Every structure is written in C-alpha cells, then in structure tokens.
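What follows is a single structure, written as structure tokens, with notes after it.
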Amino acid sequence: MSKTKYIAICGVLTAAAIVLHIIEAMLPNPLPIPGVKLGLANIITLWCIYQLGLKPAFTITVLRTIVSALLLGTFLSMNFLMSISGGIVSMLVMYLAYRLLRKASPIGISILGAASHNMAQLAVAALVIDQIAIFYYLPILFVAALPAGIITGIAVKILLKRLNKQILQL
Amino acid sequence: MSRQDIYIIIIVLAIAAAAWGFISLTADQPTSAVAIISVNGRQLDPISLNADQTLQVDGALGACTVEVKDGAIRMLEADCPDKICSKTGFISQSTQSIACVPNKIVITISNHTTDKEIDYILR
C-alpha cells in the first residue's frame, strides 16, 4: 500500500470514528444508567484491527477520543478520562482476542471490547473518586456490554464484507 | 456467531453473576455503625448497633429508654410532653437523627460505609 493511500485511509477512518462518537453523545440515553451506551465508534476500531493492525487502531482510537472531547467540550473532564482509558484498554483487549481467539467472530470480540471498556471506566472512576465501592456497578455494566457488543459486532461483520482491503485496493 | 462467541457471552455473564453474588453476600455484613447520644451538648460513649439492647439515658426531664435492634436505634420511651423523639422511630443511616428537645437529647449515627442511599449520580 502506498504511503499516501495509507494516510488518507487513516484520516477517513478517524473522521468517521469522530462522527460516530459525537452522534452517540448527542443521542438521548435509552436507559437511566450512566455509562451504558452502544459504543458506535468501536465499529471503526474493530474494523481497523481486522484490516490494518494494531498501530493505526491505537492512533485512531486516541485521536478520536481527544478530538471528540474537544468538539463536545469535555476535554480533560472525568468523561474524557473514562472515555480515553476505556478506548485504549478495549482496543488492546480486542486486538489480543483477535490474535488469540482465531475462531471468534467480530461479535464475540466486540463483546469482549465492550466489557473491558466498561471495566476500565469503572477502574478510572474508582481511582478518581477514591471509592472501591463503585465496583458494585460491575454486574450491570457487564450485562449491558452484551447487547452493545452484539450490535456493534454485527455492524463490523457487515462492514468487513462490504468494505475491506480488496475493495479499497490497498 | 461461532462457538467461541457463545463461550465469550457465557464468560461475561458468569463474571457478572459472580460479581453480583459477591456483592449480595458482602452487603449484609453486620454494620460497623455506631450511635452517638448527646445529652445537653455532651457526647456519651458511642453505642454499637450490632448488639440488641435497651438502655437508660438521663435527660433534662428524666430517664429515657433507648432501644437498639437489628442495626437500628430508636427512642422507646421518653419523659417529654409531645413524644416527637419516640415517634421518629428507628434510624440507621448517618443522614438521620433523633432529637428530644425537652430532654436535650440528640441521637445521631456515625459511619459512612454503611449508608446505602445514593448521594449523587455522576455522568
């Protein structure tokens, strides 16, 4: 793949991830539970892990959280800290799952990503408010990770079929 | 969905169930909360809410009976005209208190870890 094409693809993916992140932040929360969300931007991260590898997936995740936070006005807030740590941890977990669990489909890997995202968020929240008791919240967030992971996993599955290295002629 | 996906779902559910079980097992531990009774502004020794007991407290008008039961405390009987203190009933959270103004008795609870009521929601 030529370097120009690579840079252009990464830029487009970052832009798409930012748009998904901001759209999700604008949508009203269907459940009155803070922290429970779909994780639409995860679609881009997982696609990137499948098609481009670890390094661009990491860069796009970090850039996406920082730029979205700047646009939403939450930069360096509690939300931002939870978002960026959750994003990085879930990206690493999904990459490991992709390398180790060869038979798992994007749906299973996406569920692991959602669960580890919630776990990292809780860990940051526990550190910031200095209360281990917030882990009482873990069962709710783990159960909520299932539908979120399945929905984004199905989206990644469709996306991988419609948009991959061959179609992009990378 | 492959077989490994099903395993992943089962593992995530199992962790959630295990955490839930651990929480409900540890949540009903005996409280370490104590009741602090003060008479005329002077604090008496803290009373543990774990052991059920009744005790006498000398107020400004006369002796009052305080009862500790099931991790909560109440003013069972008081020598006062309006009985607001005994009508308050049992208290167990540090946000609650019992006051008997004629007897100059105030009962409060001290402990932050046993409070189950939500202070705030962060989002």
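To be explicit about the labels: the chains of the structure tokens are called A, B, and onward in the order shown, and within each one the residues are counted from 1, while ligands get numbers from 1 in the order they are shown.
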Per residue of chain A within 7 Å of chain B, record the nearest atom pair and its distance in Å to one decimal, counting only C-alpha atoms, with rows in chain order and ascending residue number, as a Markdown table.
| residue | atom | partner | partner_atom | distance |
| --- | --- | --- | --- | --- |
| A:Pro34 | CA | B:Arg123 | CA | 5.4 |
| A:Lys103 | CA | B:Gln4 | CA | 6.2 |
| A:Ala104 | CA | B:Gln4 | CA | 5.0 |
| A:Ser105 | CA | B:Met1 | CA | 6.2 |
| A:Ile107 | CA | B:Asp5 | CA | 6.8 |
| A:Gly108 | CA | B:Asp5 | CA | 4.3 |
| A:Tyr136 | CA | B:Ile23 | CA | 6.5 |
| A:Leu138 | CA | B:Ala16 | CA | 6.8 |
| A:Pro139 | CA | B:Ala16 | CA | 4.2 |
| A:Phe142 | CA | B:Ala16 | CA | 5.7 |
| A:Val143 | CA | B:Leu13 | CA | 6.5 |
Go ahead and dump the residues you just picked, C-alpha atoms, as a short mmCIF file (atom, residue, chain, number, x, y, z; two decimals), in the first residue's frame.
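result03.cif written:
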data_model
loop_
_atom_site.label_atom_id
_atom_site.label_comp_id
_atom_site.auth_asym_id
_atom_site.auth_seq_id
_atom_site.Cartn_x
_atom_site.Cartn_y
_atom_site.Cartn_z
CA PRO A 34 -24.81 6.41 33.35
CA LYS A 103 -12.43 -18.88 15.77
CA ALA A 104 -14.27 -15.98 17.37
CA SER A 105 -16.33 -13.77 15.08
CA ILE A 107 -19.42 -10.29 17.57
CA GLY A 108 -17.54 -12.13 20.32
CA TYR A 136 -20.89 -2.64 42.83
CA LEU A 138 -19.82 -4.05 37.57
CA PRO A 139 -22.64 -6.62 37.05
CA PHE A 142 -21.15 -6.32 32.14
CA VAL A 143 -24.70 -7.33 31.30
#
For B:Pro46, find every residue with an atom within 8 Å (counting only C-alpha atoms), except residues of its own chain fewer than 2 positions away, and show them as a compact mmCIF listing (two decimals) with all heavy atoms, in the first residue's frame.
# COMPACT_ATOMS: atom_id res chain seq x y z
N VAL B 34 -22.13 3.22 64.55
CA VAL B 34 -22.36 3.45 65.97
C VAL B 34 -23.35 4.59 66.13
O VAL B 34 -23.45 5.46 65.28
CB VAL B 34 -21.05 3.79 66.73
CG1 VAL B 34 -20.14 2.58 66.80
CG2 VAL B 34 -20.33 4.95 66.07
N ALA B 35 -24.09 4.54 67.24
CA ALA B 35 -25.00 5.63 67.58
C ALA B 35 -24.30 6.53 68.59
O ALA B 35 -23.66 6.04 69.52
CB ALA B 35 -26.29 5.08 68.16
N ILE B 36 -24.41 7.82 68.37
CA ILE B 36 -23.82 8.76 69.32
C ILE B 36 -24.96 9.52 69.98
O ILE B 36 -25.76 10.18 69.31
CB ILE B 36 -22.84 9.71 68.61
CG1 ILE B 36 -21.64 8.91 68.12
CG2 ILE B 36 -22.39 10.82 69.54
CD1 ILE B 36 -20.78 9.63 67.15
N ILE B 37 -25.05 9.37 71.30
CA ILE B 37 -26.10 10.05 72.06
C ILE B 37 -25.45 11.23 72.76
O ILE B 37 -24.42 11.09 73.42
CB ILE B 37 -26.73 9.09 73.09
CG1 ILE B 37 -27.28 7.85 72.39
CG2 ILE B 37 -27.82 9.80 73.88
CD1 ILE B 37 -27.85 6.82 73.31
N LEU B 44 -22.10 11.07 74.95
CA LEU B 44 -21.85 9.86 75.72
C LEU B 44 -21.01 8.91 74.87
O LEU B 44 -20.72 9.18 73.72
CB LEU B 44 -23.18 9.19 76.09
CG LEU B 44 -24.22 10.06 76.77
CD1 LEU B 44 -25.45 9.24 77.12
CD2 LEU B 44 -23.65 10.72 78.04
N SER B 48 -22.61 0.58 69.83
CA SER B 48 -22.62 -0.24 68.61
C SER B 48 -24.05 -0.63 68.27
O SER B 48 -24.86 -0.91 69.15
CB SER B 48 -21.77 -1.49 68.82
OG SER B 48 -22.04 -2.41 67.79
ask   = Which is closest to A:Leu112 among A:Leu31, A:Ile60, A:Ala126, A:Ile150, if we use only C-alpha atoms?
value = A:Ile150
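Taking the backbone of this structure through DSSP, the residues of stretch 19-110 of chain B that come out as helix (DSSP H, G or I) are Ala19, Trp20, Gly21, Phe22, Ile23, Ser24, Leu25, Thr26, Ala27, Ile84, Cys85, Ser86 and Lys87 of chain B.
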task = Write out as a PyMOL selection string all residues of chain B that DSSP puts in strand (DSSP E or B) for this structure's backbone.
result = chain B and resi 34-39+42-43+47-48+53-58+63-69+72-77+91+97-100+105-110
message = Using only C-alpha atoms, which protein or nucleic acid residues come within 9 Å of stretch 72-80 of chain B? Drop anything in the same chain fewer than 5 positions from it, and give the result as an MDAnalysis selection string.
response = chainID B and resid 35 49:50 52 54 59 61:67 85:93 98 100:103 107 109
Could you write out that same residue set with N, CA and C atoms as a PDB file, in the first residue's frame?
ATOM      1  N   ALA B  35     -24.091   4.537  67.235  1.00  0.00           N
ATOM      2  CA  ALA B  35     -24.996   5.628  67.576  1.00  0.00           C
ATOM      3  C   ALA B  35     -24.297   6.526  68.593  1.00  0.00           C
ATOM      4  N   LEU B  49     -24.355  -0.655  66.962  1.00  0.00           N
ATOM      5  CA  LEU B  49     -25.702  -1.038  66.547  1.00  0.00           C
ATOM      6  C   LEU B  49     -25.815  -2.532  66.278  1.00  0.00           C
ATOM      7  N   ASN B  50     -24.723  -3.286  66.515  1.00  0.00           N
ATOM      8  CA  ASN B  50     -24.762  -4.724  66.233  1.00  0.00           C
ATOM      9  C   ASN B  50     -25.468  -5.511  67.322  1.00  0.00           C
ATOM     10  N   ASP B  52     -28.226  -6.080  70.106  1.00  0.00           N
ATOM     11  CA  ASP B  52     -29.535  -5.587  70.527  1.00  0.00           C
ATOM     12  C   ASP B  52     -29.500  -5.306  72.030  1.00  0.00           C
ATOM     13  N   THR B  54     -31.371  -2.499  75.350  1.00  0.00           N
ATOM     14  CA  THR B  54     -32.094  -1.289  75.742  1.00  0.00           C
ATOM     15  C   THR B  54     -31.306  -0.632  76.856  1.00  0.00           C
ATOM     16  N   GLY B  59     -32.036  12.353  80.800  1.00  0.00           N
ATOM     17  CA  GLY B  59     -32.206  13.632  80.122  1.00  0.00           C
ATOM     18  C   GLY B  59     -32.485  14.738  81.106  1.00  0.00           C
ATOM     19  N   LEU B  61     -35.366  16.149  81.711  1.00  0.00           N
ATOM     20  CA  LEU B  61     -36.620  15.989  82.432  1.00  0.00           C
ATOM     21  C   LEU B  61     -36.669  14.685  83.226  1.00  0.00           C
ATOM     22  N   GLY B  62     -35.906  13.694  82.790  1.00  0.00           N
ATOM     23  CA  GLY B  62     -35.963  12.406  83.480  1.00  0.00           C
ATOM     24  C   GLY B  62     -35.333  11.334  82.625  1.00  0.00           C
ATOM     25  N   ALA B  63     -35.451  10.060  83.081  1.00  0.00           N
ATOM     26  CA  ALA B  63     -34.806   8.966  82.369  1.00  0.00           C
ATOM     27  C   ALA B  63     -35.592   8.616  81.103  1.00  0.00           C
ATOM     28  N   CYS B  64     -34.843   8.359  80.004  1.00  0.00           N
ATOM     29  CA  CYS B  64     -35.460   7.925  78.751  1.00  0.00           C
ATOM     30  C   CYS B  64     -34.928   6.540  78.419  1.00  0.00           C
ATOM     31  N   THR B  65     -35.738   5.745  77.697  1.00  0.00           N
ATOM     32  CA  THR B  65     -35.314   4.403  77.306  1.00  0.00           C
ATOM     33  C   THR B  65     -34.984   4.403  75.817  1.00  0.00           C
ATOM     34  N   VAL B  66     -33.773   3.930  75.504  1.00  0.00           N
ATOM     35  CA  VAL B  66     -33.324   3.857  74.112  1.00  0.00           C
ATOM     36  C   VAL B  66     -33.173   2.388  73.758  1.00  0.00           C
ATOM     37  N   GLU B  67     -33.661   2.001  72.575  1.00  0.00           N
ATOM     38  CA  GLU B  67     -33.601   0.592  72.182  1.00  0.00           C
ATOM     39  C   GLU B  67     -32.769   0.439  70.907  1.00  0.00           C
ATOM     40  N   CYS B  85     -39.640  12.509  69.752  1.00  0.00           N
ATOM     41  CA  CYS B  85     -38.474  11.633  69.663  1.00  0.00           C
ATOM     42  C   CYS B  85     -38.865  10.178  69.472  1.00  0.00           C
ATOM     43  N   SER B  86     -39.835   9.692  70.232  1.00  0.00           N
ATOM     44  CA  SER B  86     -40.190   8.285  70.093  1.00  0.00           C
ATOM     45  C   SER B  86     -41.006   8.052  68.824  1.00  0.00           C
ATOM     46  N   LYS B  87     -41.708   9.076  68.351  1.00  0.00           N
ATOM     47  CA  LYS B  87     -42.457   8.925  67.096  1.00  0.00           C
ATOM     48  C   LYS B  87     -41.536   8.904  65.888  1.00  0.00           C
ATOM     49  N   THR B  88     -40.288   9.347  66.039  1.00  0.00           N
ATOM     50  CA  THR B  88     -39.338   9.300  64.916  1.00  0.00           C
ATOM     51  C   THR B  88     -39.091   7.862  64.484  1.00  0.00           C
ATOM     52  N   GLY B  89     -39.138   6.933  65.421  1.00  0.00           N
ATOM     53  CA  GLY B  89     -38.924   5.529  65.086  1.00  0.00           C
ATOM     54  C   GLY B  89     -37.448   5.175  64.981  1.00  0.00           C
ATOM     55  N   PHE B  90     -37.186   4.055  64.301  1.00  0.00           N
ATOM     56  CA  PHE B  90     -35.810   3.578  64.170  1.00  0.00           C
ATOM     57  C   PHE B  90     -35.032   4.415  63.164  1.00  0.00           C
ATOM     58  N   ILE B  91     -33.752   4.651  63.467  1.00  0.00           N
ATOM     59  CA  ILE B  91     -32.860   5.273  62.492  1.00  0.00           C
ATOM     60  C   ILE B  91     -31.613   4.390  62.360  1.00  0.00           C
ATOM     61  N   SER B  92     -31.047   4.376  61.146  1.00  0.00           N
ATOM     62  CA  SER B  92     -29.841   3.570  60.933  1.00  0.00           C
ATOM     63  C   SER B  92     -28.832   4.245  60.004  1.00  0.00           C
ATOM     64  N   GLN B  93     -29.217   5.312  59.320  1.00  0.00           N
ATOM     65  CA  GLN B  93     -28.319   5.967  58.367  1.00  0.00           C
ATOM     66  C   GLN B  93     -27.748   7.244  58.998  1.00  0.00           C
ATOM     67  N   ILE B  98     -32.344  11.561  65.792  1.00  0.00           N
ATOM     68  CA  ILE B  98     -33.496  11.654  66.692  1.00  0.00           C
ATOM     69  C   ILE B  98     -33.205  12.791  67.657  1.00  0.00           C
ATOM     70  N   CYS B 100     -34.753  14.898  71.061  1.00  0.00           N
ATOM     71  CA  CYS B 100     -35.759  15.137  72.083  1.00  0.00           C
ATOM     72  C   CYS B 100     -35.406  16.477  72.717  1.00  0.00           C
ATOM     73  N   VAL B 101     -36.075  17.503  72.257  1.00  0.00           N
ATOM     74  CA  VAL B 101     -35.690  18.857  72.686  1.00  0.00           C
ATOM     75  C   VAL B 101     -35.944  19.091  74.176  1.00  0.00           C
ATOM     76  N   PRO B 102     -37.108  18.688  74.716  1.00  0.00           N
ATOM     77  CA  PRO B 102     -37.321  18.944  76.144  1.00  0.00           C
ATOM     78  C   PRO B 102     -36.268  18.265  77.025  1.00  0.00           C
ATOM     79  N   ASN B 103     -35.805  17.065  76.609  1.00  0.00           N
ATOM     80  CA  ASN B 103     -34.805  16.345  77.391  1.00  0.00           C
ATOM     81  C   ASN B 103     -33.378  16.721  77.009  1.00  0.00           C
ATOM     82  N   ILE B 107     -29.703  11.968  69.199  1.00  0.00           N
ATOM     83  CA  ILE B 107     -29.072  10.700  68.794  1.00  0.00           C
ATOM     84  C   ILE B 107     -28.740  10.804  67.308  1.00  0.00           C
ATOM     85  N   ILE B 109     -26.165   8.939  64.016  1.00  0.00           N
ATOM     86  CA  ILE B 109     -25.450   7.730  63.593  1.00  0.00           C
ATOM     87  C   ILE B 109     -24.138   8.171  62.962  1.00  0.00           C
TER      88      ILE B 109
END
B:Asn40 surroundings by only C-alpha atoms, 9 Å radius, close-in-sequence under 3 positions cut, as a JSON list (two decimals) with N, CA, C and O atoms, in the first residue's frame:
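Result file selection17.json:
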[["chain", "number", "residue", "atom", "x", "y", "z"],
["B", 43, "GLN", "N", -21.35, 14.53, 74.64],
["B", 43, "GLN", "CA", -21.48, 13.23, 73.99],
["B", 43, "GLN", "C", -21.22, 12.10, 74.98],
["B", 43, "GLN", "O", -20.27, 12.14, 75.75],
["B", 59, "GLY", "N", -32.04, 12.35, 80.80],
["B", 59, "GLY", "CA", -32.21, 13.63, 80.12],
["B", 59, "GLY", "C", -32.49, 14.74, 81.11],
["B", 59, "GLY", "O", -32.41, 14.55, 82.32],
["B", 60, "ALA", "N", -32.84, 15.89, 80.57],
["B", 60, "ALA", "CA", -33.08, 17.05, 81.43],
["B", 60, "ALA", "C", -34.35, 16.88, 82.26],
["B", 60, "ALA", "O", -34.44, 17.38, 83.38],
["B", 103, "ASN", "N", -35.80, 17.06, 76.61],
["B", 103, "ASN", "CA", -34.81, 16.34, 77.39],
["B", 103, "ASN", "C", -33.38, 16.72, 77.01],
["B", 103, "ASN", "O", -32.43, 16.22, 77.63],
["B", 104, "LYS", "N", -33.22, 17.52, 75.96],
["B", 104, "LYS", "CA", -31.90, 17.94, 75.45],
["B", 104, "LYS", "C", -31.07, 16.73, 75.02],
["B", 104, "LYS", "O", -29.86, 16.68, 75.24],
["B", 105, "ILE", "N", -31.75, 15.72, 74.44],
["B", 105, "ILE", "CA", -31.06, 14.53, 73.96],
["B", 105, "ILE", "C", -31.08, 14.52, 72.43],
["B", 105, "ILE", "O", -32.13, 14.77, 71.82],
["B", 106, "VAL", "N", -29.91, 14.27, 71.81],
["B", 106, "VAL", "CA", -29.84, 14.11, 70.35],
["B", 106, "VAL", "C", -29.12, 12.79, 70.08],
["B", 106, "VAL", "O", -28.07, 12.53, 70.67]]
